[in-house]
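Student: My questions all concern the structure below.
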Amino acid sequence: MTEPRLDILGIGNAIVDVIAPCDDDFLAAHALNKGGMRLIDEAAAETLYAAMGQTLVVSGGSAANTIIGAAALGARAGFIGKVKQDPIGQMFGHDIRAAKVAFDTSPAADGVASARCLILVTPDGQRTMNTFLGACQALSEADVDPAQVAAARITYLEGYLWDPPAAKTAFLKAAEIAHKAGRKVALSLSDAFCVDRYRDEFLHLIRSRAIDILFANESELHSLYQTADFKTAVAQLREDDVLAAVTRGDKGALVVTREETQAINAFPIEHLVDTTGAGDLFAAGFLVGLSQEQTLADCARLGALAAAEVIQHYGARPQADLRALATENGLL
């Protein structure tokens, strides 16, 4: 097996986040399910945007956030995702390349606009996401470069890719290429409602060994195994014999293997502002730790540190020097 040229390659939806604070009454008035993610069309996106008031606009997308976090920690990182050749798409490409991430996916010349996610943040830091996938849905097998996938130590895929059919095919192609090259494949379940839609298929990915590493939060894990009891869900996860990291907010995280379950504390924070990107940045730290062959506990600690940084400000991209923070805490 040749030495990898990339530590982590992410494949996911290339989305620009539009973030605004709101209260619970606003969510109720617009019939929004607090803390969830729903798919909307362009007309609904325009209507909701008009009601949001002052916003913060920043490039986002679950896997893209993870990859930028990994690059901020010093990893050699790349990303595959589809945008249109429009102002939003150009903004996304500029931002991700400025973060020192290799991004070579050709933009779509025509069709629907680049994707955006309208994120409403309540005072308790919970985020409610409304996603117009737009050009993301044009991601296909043709956008997956076999040489790039084969050269990445870990290929990281987001569960949201399971919504557009062509992207699902690209996902499976990338996983197959990675395994043929002797590399690892990681999956984030992304959202409990996403798990509700594709539970059987996600379980098949785990049990068929199409993935090696799984990321989930508590609600996603409950949905995956259709149980309200956390211990039961973890026991079933152990039976499925996959390396898993389960995030639990201020309760920290669990690292689960067939042999053992390790609990890792959350890093202390001064102020909770916005939980957008917490899971994405946890995955970034964990994957960087894995790429450096750290212990699983230290991988989770590095993830917890990255998550703690991102929840103390708006937006899902790190604002502090993550590498310096990790070094100060003895994690790099």
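Letters A, B, ... mark the chains of the structure tokens in the order given; residue numbers begin at 1 per chain; ligand numbers begin at 1, in order shown.
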Quick one: which region 88-182 of chain A residues come within 10 Å of region 204-226 of chain A, and what is the nearest atom pair for each with the distance in Å to one decimal, counting only C-alpha atoms, rows ordered by chain and ascending number, as a Markdown table?

Tutor:
```
| residue | atom | partner | partner_atom | distance |
| --- | --- | --- | --- | --- |
| A:Ile154 | CA | A:Ile213 | CA | 9.5 |
| A:Thr155 | CA | A:Ile211 | CA | 9.6 |
| A:Tyr156 | CA | A:Ile213 | CA | 8.9 |
| A:Leu157 | CA | A:Ile211 | CA | 9.4 |
| A:Glu158 | CA | A:Phe215 | CA | 9.4 |
| A:Gly159 | CA | A:Phe215 | CA | 9.9 |
| A:Leu172 | CA | A:Ala210 | CA | 8.2 |
| A:Ala175 | CA | A:Ala210 | CA | 6.6 |
| A:Glu176 | CA | A:Ala210 | CA | 7.6 |
| A:Ala178 | CA | A:Ala210 | CA | 9.9 |
| A:His179 | CA | A:Ala210 | CA | 8.2 |
```

Student: For the selection just defined, write its residues with N, CA, C and O atoms to a file, as a PDB file, in the first residue's frame.

Tutor:
```
ATOM      1  N   ILE A 154      -8.211   8.283   5.124  1.00  0.00           N
ATOM      2  CA  ILE A 154      -9.600   8.086   5.545  1.00  0.00           C
ATOM      3  C   ILE A 154     -10.505   8.878   4.615  1.00  0.00           C
ATOM      4  O   ILE A 154     -10.266  10.063   4.365  1.00  0.00           O
ATOM      5  N   THR A 155     -11.536   8.224   4.088  1.00  0.00           N
ATOM      6  CA  THR A 155     -12.578   8.923   3.335  1.00  0.00           C
ATOM      7  C   THR A 155     -13.788   9.079   4.255  1.00  0.00           C
ATOM      8  O   THR A 155     -14.273   8.104   4.832  1.00  0.00           O
ATOM      9  N   TYR A 156     -14.247  10.315   4.389  1.00  0.00           N
ATOM     10  CA  TYR A 156     -15.313  10.657   5.338  1.00  0.00           C
ATOM     11  C   TYR A 156     -16.555  11.056   4.572  1.00  0.00           C
ATOM     12  O   TYR A 156     -16.518  11.950   3.717  1.00  0.00           O
ATOM     13  N   LEU A 157     -17.676  10.406   4.871  1.00  0.00           N
ATOM     14  CA  LEU A 157     -18.923  10.611   4.153  1.00  0.00           C
ATOM     15  C   LEU A 157     -20.025  11.058   5.112  1.00  0.00           C
ATOM     16  O   LEU A 157     -20.085  10.585   6.243  1.00  0.00           O
ATOM     17  N   GLU A 158     -20.886  11.944   4.666  1.00  0.00           N
ATOM     18  CA  GLU A 158     -21.984  12.406   5.513  1.00  0.00           C
ATOM     19  C   GLU A 158     -23.287  11.703   5.135  1.00  0.00           C
ATOM     20  O   GLU A 158     -23.562  11.446   3.949  1.00  0.00           O
ATOM     21  N   GLY A 159     -24.102  11.395   6.136  1.00  0.00           N
ATOM     22  CA  GLY A 159     -25.362  10.709   5.906  1.00  0.00           C
ATOM     23  C   GLY A 159     -26.313  11.483   5.019  1.00  0.00           C
ATOM     24  O   GLY A 159     -27.149  10.890   4.318  1.00  0.00           O
ATOM     25  N   LEU A 172     -21.219   5.251  -2.535  1.00  0.00           N
ATOM     26  CA  LEU A 172     -20.886   3.819  -2.567  1.00  0.00           C
ATOM     27  C   LEU A 172     -19.637   3.563  -3.407  1.00  0.00           C
ATOM     28  O   LEU A 172     -18.816   2.710  -3.063  1.00  0.00           O
ATOM     29  N   ALA A 175     -16.571   4.524  -1.300  1.00  0.00           N
ATOM     30  CA  ALA A 175     -16.293   3.531  -0.258  1.00  0.00           C
ATOM     31  C   ALA A 175     -15.611   2.296  -0.851  1.00  0.00           C
ATOM     32  O   ALA A 175     -14.663   1.752  -0.271  1.00  0.00           O
ATOM     33  N   GLU A 176     -16.075   1.876  -2.004  1.00  0.00           N
ATOM     34  CA  GLU A 176     -15.483   0.698  -2.646  1.00  0.00           C
ATOM     35  C   GLU A 176     -14.035   0.959  -3.051  1.00  0.00           C
ATOM     36  O   GLU A 176     -13.148   0.128  -2.824  1.00  0.00           O
ATOM     37  N   ALA A 178     -11.965   3.170  -1.770  1.00  0.00           N
ATOM     38  CA  ALA A 178     -11.145   3.305  -0.568  1.00  0.00           C
ATOM     39  C   ALA A 178     -10.747   1.938  -0.011  1.00  0.00           C
ATOM     40  O   ALA A 178      -9.580   1.698   0.327  1.00  0.00           O
ATOM     41  N   HIS A 179     -11.698   1.039   0.091  1.00  0.00           N
ATOM     42  CA  HIS A 179     -11.400  -0.274   0.658  1.00  0.00           C
ATOM     43  C   HIS A 179     -10.484  -1.089  -0.246  1.00  0.00           C
ATOM     44  O   HIS A 179      -9.597  -1.810   0.240  1.00  0.00           O
TER      45      HIS A 179
END
```

Student: Show me, as a CSV table (one decimal) with all heavy atoms, in the first residue's frame, the residues that have an atom within 8 Å of Asp17 (chain A) when counting only C-alpha atoms, minus same-chain residues fewer than 2 positions from it.

Tutor:
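Dumped everything to selection.csv:
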```csv
chain,number,residue,atom,x,y,z
A,15,ILE,N,-22.5,23.5,0.9
A,15,ILE,CA,-23.6,24.4,1.3
A,15,ILE,C,-23.1,25.6,1.9
A,15,ILE,O,-22.1,25.6,2.6
A,15,ILE,CB,-24.5,23.6,2.3
A,15,ILE,CG1,-25.1,22.4,1.6
A,15,ILE,CG2,-25.6,24.5,2.8
A,15,ILE,CD1,-26.0,21.5,2.6
A,19,ILE,N,-27.2,32.1,8.9
A,19,ILE,CA,-27.5,31.9,10.3
A,19,ILE,C,-28.2,33.1,10.9
A,19,ILE,O,-27.7,34.2,10.7
A,19,ILE,CB,-26.2,31.5,11.1
A,19,ILE,CG1,-25.5,30.3,10.4
A,19,ILE,CG2,-26.5,31.2,12.5
A,19,ILE,CD1,-24.1,30.2,10.9
A,56,LEU,N,-26.0,35.9,9.4
A,56,LEU,CA,-24.6,35.7,9.2
A,56,LEU,C,-24.4,34.7,8.1
A,56,LEU,O,-25.0,33.6,8.2
A,56,LEU,CB,-23.9,35.2,10.5
A,56,LEU,CG,-22.4,34.7,10.4
A,56,LEU,CD1,-21.5,35.9,10.1
A,56,LEU,CD2,-22.0,34.0,11.7
A,57,VAL,N,-23.7,35.0,7.1
A,57,VAL,CA,-23.5,34.1,5.9
A,57,VAL,C,-22.1,33.5,5.9
A,57,VAL,O,-21.1,34.3,6.0
A,57,VAL,CB,-23.8,34.8,4.6
A,57,VAL,CG1,-23.6,33.8,3.4
A,57,VAL,CG2,-25.2,35.4,4.6
A,58,VAL,N,-22.0,32.2,6.0
A,58,VAL,CA,-20.7,31.5,6.0
A,58,VAL,C,-20.8,30.2,5.3
A,58,VAL,O,-21.8,29.5,5.4
A,58,VAL,CB,-20.2,31.4,7.5
A,58,VAL,CG1,-21.1,30.5,8.3
A,58,VAL,CG2,-18.8,30.8,7.5
A,59,SER,N,-19.7,29.8,4.6
A,59,SER,CA,-19.7,28.5,4.0
A,59,SER,C,-19.9,27.4,5.0
A,59,SER,O,-19.3,27.4,6.1
A,59,SER,CB,-18.4,28.3,3.2
A,59,SER,OG,-18.4,29.2,2.1
A,60,GLY,N,-20.7,26.4,4.7
A,60,GLY,CA,-21.0,25.3,5.6
A,60,GLY,C,-21.0,24.0,4.9
A,60,GLY,O,-20.3,23.7,3.9
A,61,GLY,N,-22.0,23.1,5.4
A,61,GLY,CA,-22.0,21.7,4.9
A,61,GLY,C,-21.3,20.8,5.9
A,61,GLY,O,-20.2,21.1,6.3
A,116,ARG,N,-28.0,26.1,0.0
A,116,ARG,CA,-27.9,26.9,1.2
A,116,ARG,C,-28.7,26.3,2.3
A,116,ARG,O,-29.7,25.6,2.1
A,116,ARG,CB,-28.4,28.4,0.9
A,116,ARG,CG,-29.9,28.5,0.8
A,116,ARG,CD,-30.2,29.7,-0.1
A,116,ARG,NE,-29.9,29.4,-1.5
A,116,ARG,CZ,-30.5,30.1,-2.5
A,116,ARG,NH1,-31.3,31.1,-2.2
A,116,ARG,NH2,-30.1,29.8,-3.7
A,117,CYS,N,-28.2,26.5,3.5
A,117,CYS,CA,-28.9,26.0,4.7
A,117,CYS,C,-29.3,27.2,5.6
A,117,CYS,O,-28.4,27.9,6.1
A,117,CYS,CB,-28.0,25.0,5.5
A,117,CYS,SG,-28.8,24.3,6.9
A,118,LEU,N,-30.5,27.4,5.8
A,118,LEU,CA,-31.0,28.5,6.7
A,118,LEU,C,-31.1,27.9,8.1
A,118,LEU,O,-31.9,27.0,8.4
A,118,LEU,CB,-32.4,29.0,6.2
A,118,LEU,CG,-32.5,29.4,4.8
A,118,LEU,CD1,-33.9,29.9,4.4
A,118,LEU,CD2,-31.4,30.4,4.4
A,119,ILE,N,-30.2,28.5,9.0
A,119,ILE,CA,-30.1,27.9,10.4
A,119,ILE,C,-30.6,28.9,11.4
A,119,ILE,O,-30.1,30.1,11.4
A,119,ILE,CB,-28.6,27.6,10.7
A,119,ILE,CG1,-28.1,26.6,9.6
A,119,ILE,CG2,-28.4,27.1,12.1
A,119,ILE,CD1,-26.6,26.3,9.8
A,315,GLY,N,-21.7,30.0,13.8
A,315,GLY,CA,-21.1,29.4,12.6
A,315,GLY,C,-20.3,28.1,13.0
A,315,GLY,O,-20.0,27.9,14.1
```

Student: May I ask for the distance between CA of Thr275 (chain A) and CA of Ala75 (chain A), given in Å to one decimal place?

Tutor: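 Distance between the two atoms: 23.4 Å.
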
Student: Mind giving me the straight-line distance from CA of Gln148 (chain A) to CA of Ala109 (chain A) in Å, one decimal?

Tutor: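 That distance, rounded to one decimal, is 23.2 Å.
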
Student: Neighbouring residues of region 26-29 of chain A were defined as those with any atom within 9 Å, considering only C-alpha atoms; residues of the same chain fewer than 3 positions away were excluded. Please report them as a list in words.

Tutor: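 Once the nearby chain positions are removed, what remains is Cys22, Asp23, Leu32, Asn33, Lys34, Leu120, Thr122 and Thr128 of chain A.
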
Student: I need the strand (DSSP E) residues of region 74-274 of chain A per DSSP on the backbone, written as an NGL selection string.

Tutor: :A and (77-80 or 101-103 or 115-121 or 127-132 or 152-158 or 184-188 or 213-217 or 243-247 or 253-256 or 261-264)

Student: Of the residues A:Leu302, A:Ala64, A:Val101, A:Leu187, which is the one nearest to Leu290 (chain A), using only C-alpha atoms?

Tutor: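 For Leu290 (chain A), the nearest of the given residues is A:Leu302.
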
Student: Select, from A:Asn13, A:Thr55, A:Gln319, A:Ser62, the residue with the minimum atom-to-atom distance to Gln137 (chain A), counting only C-alpha atoms.

Tutor: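 For Gln137 (chain A), the nearest of the given residues is A:Asn13.
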
Student: Write out as a ChimeraX atom specification all residues of region 58-87 of chain A that DSSP puts in helix (DSSP H, G or I) for this structure's backbone.

Tutor: /A:62-72,87
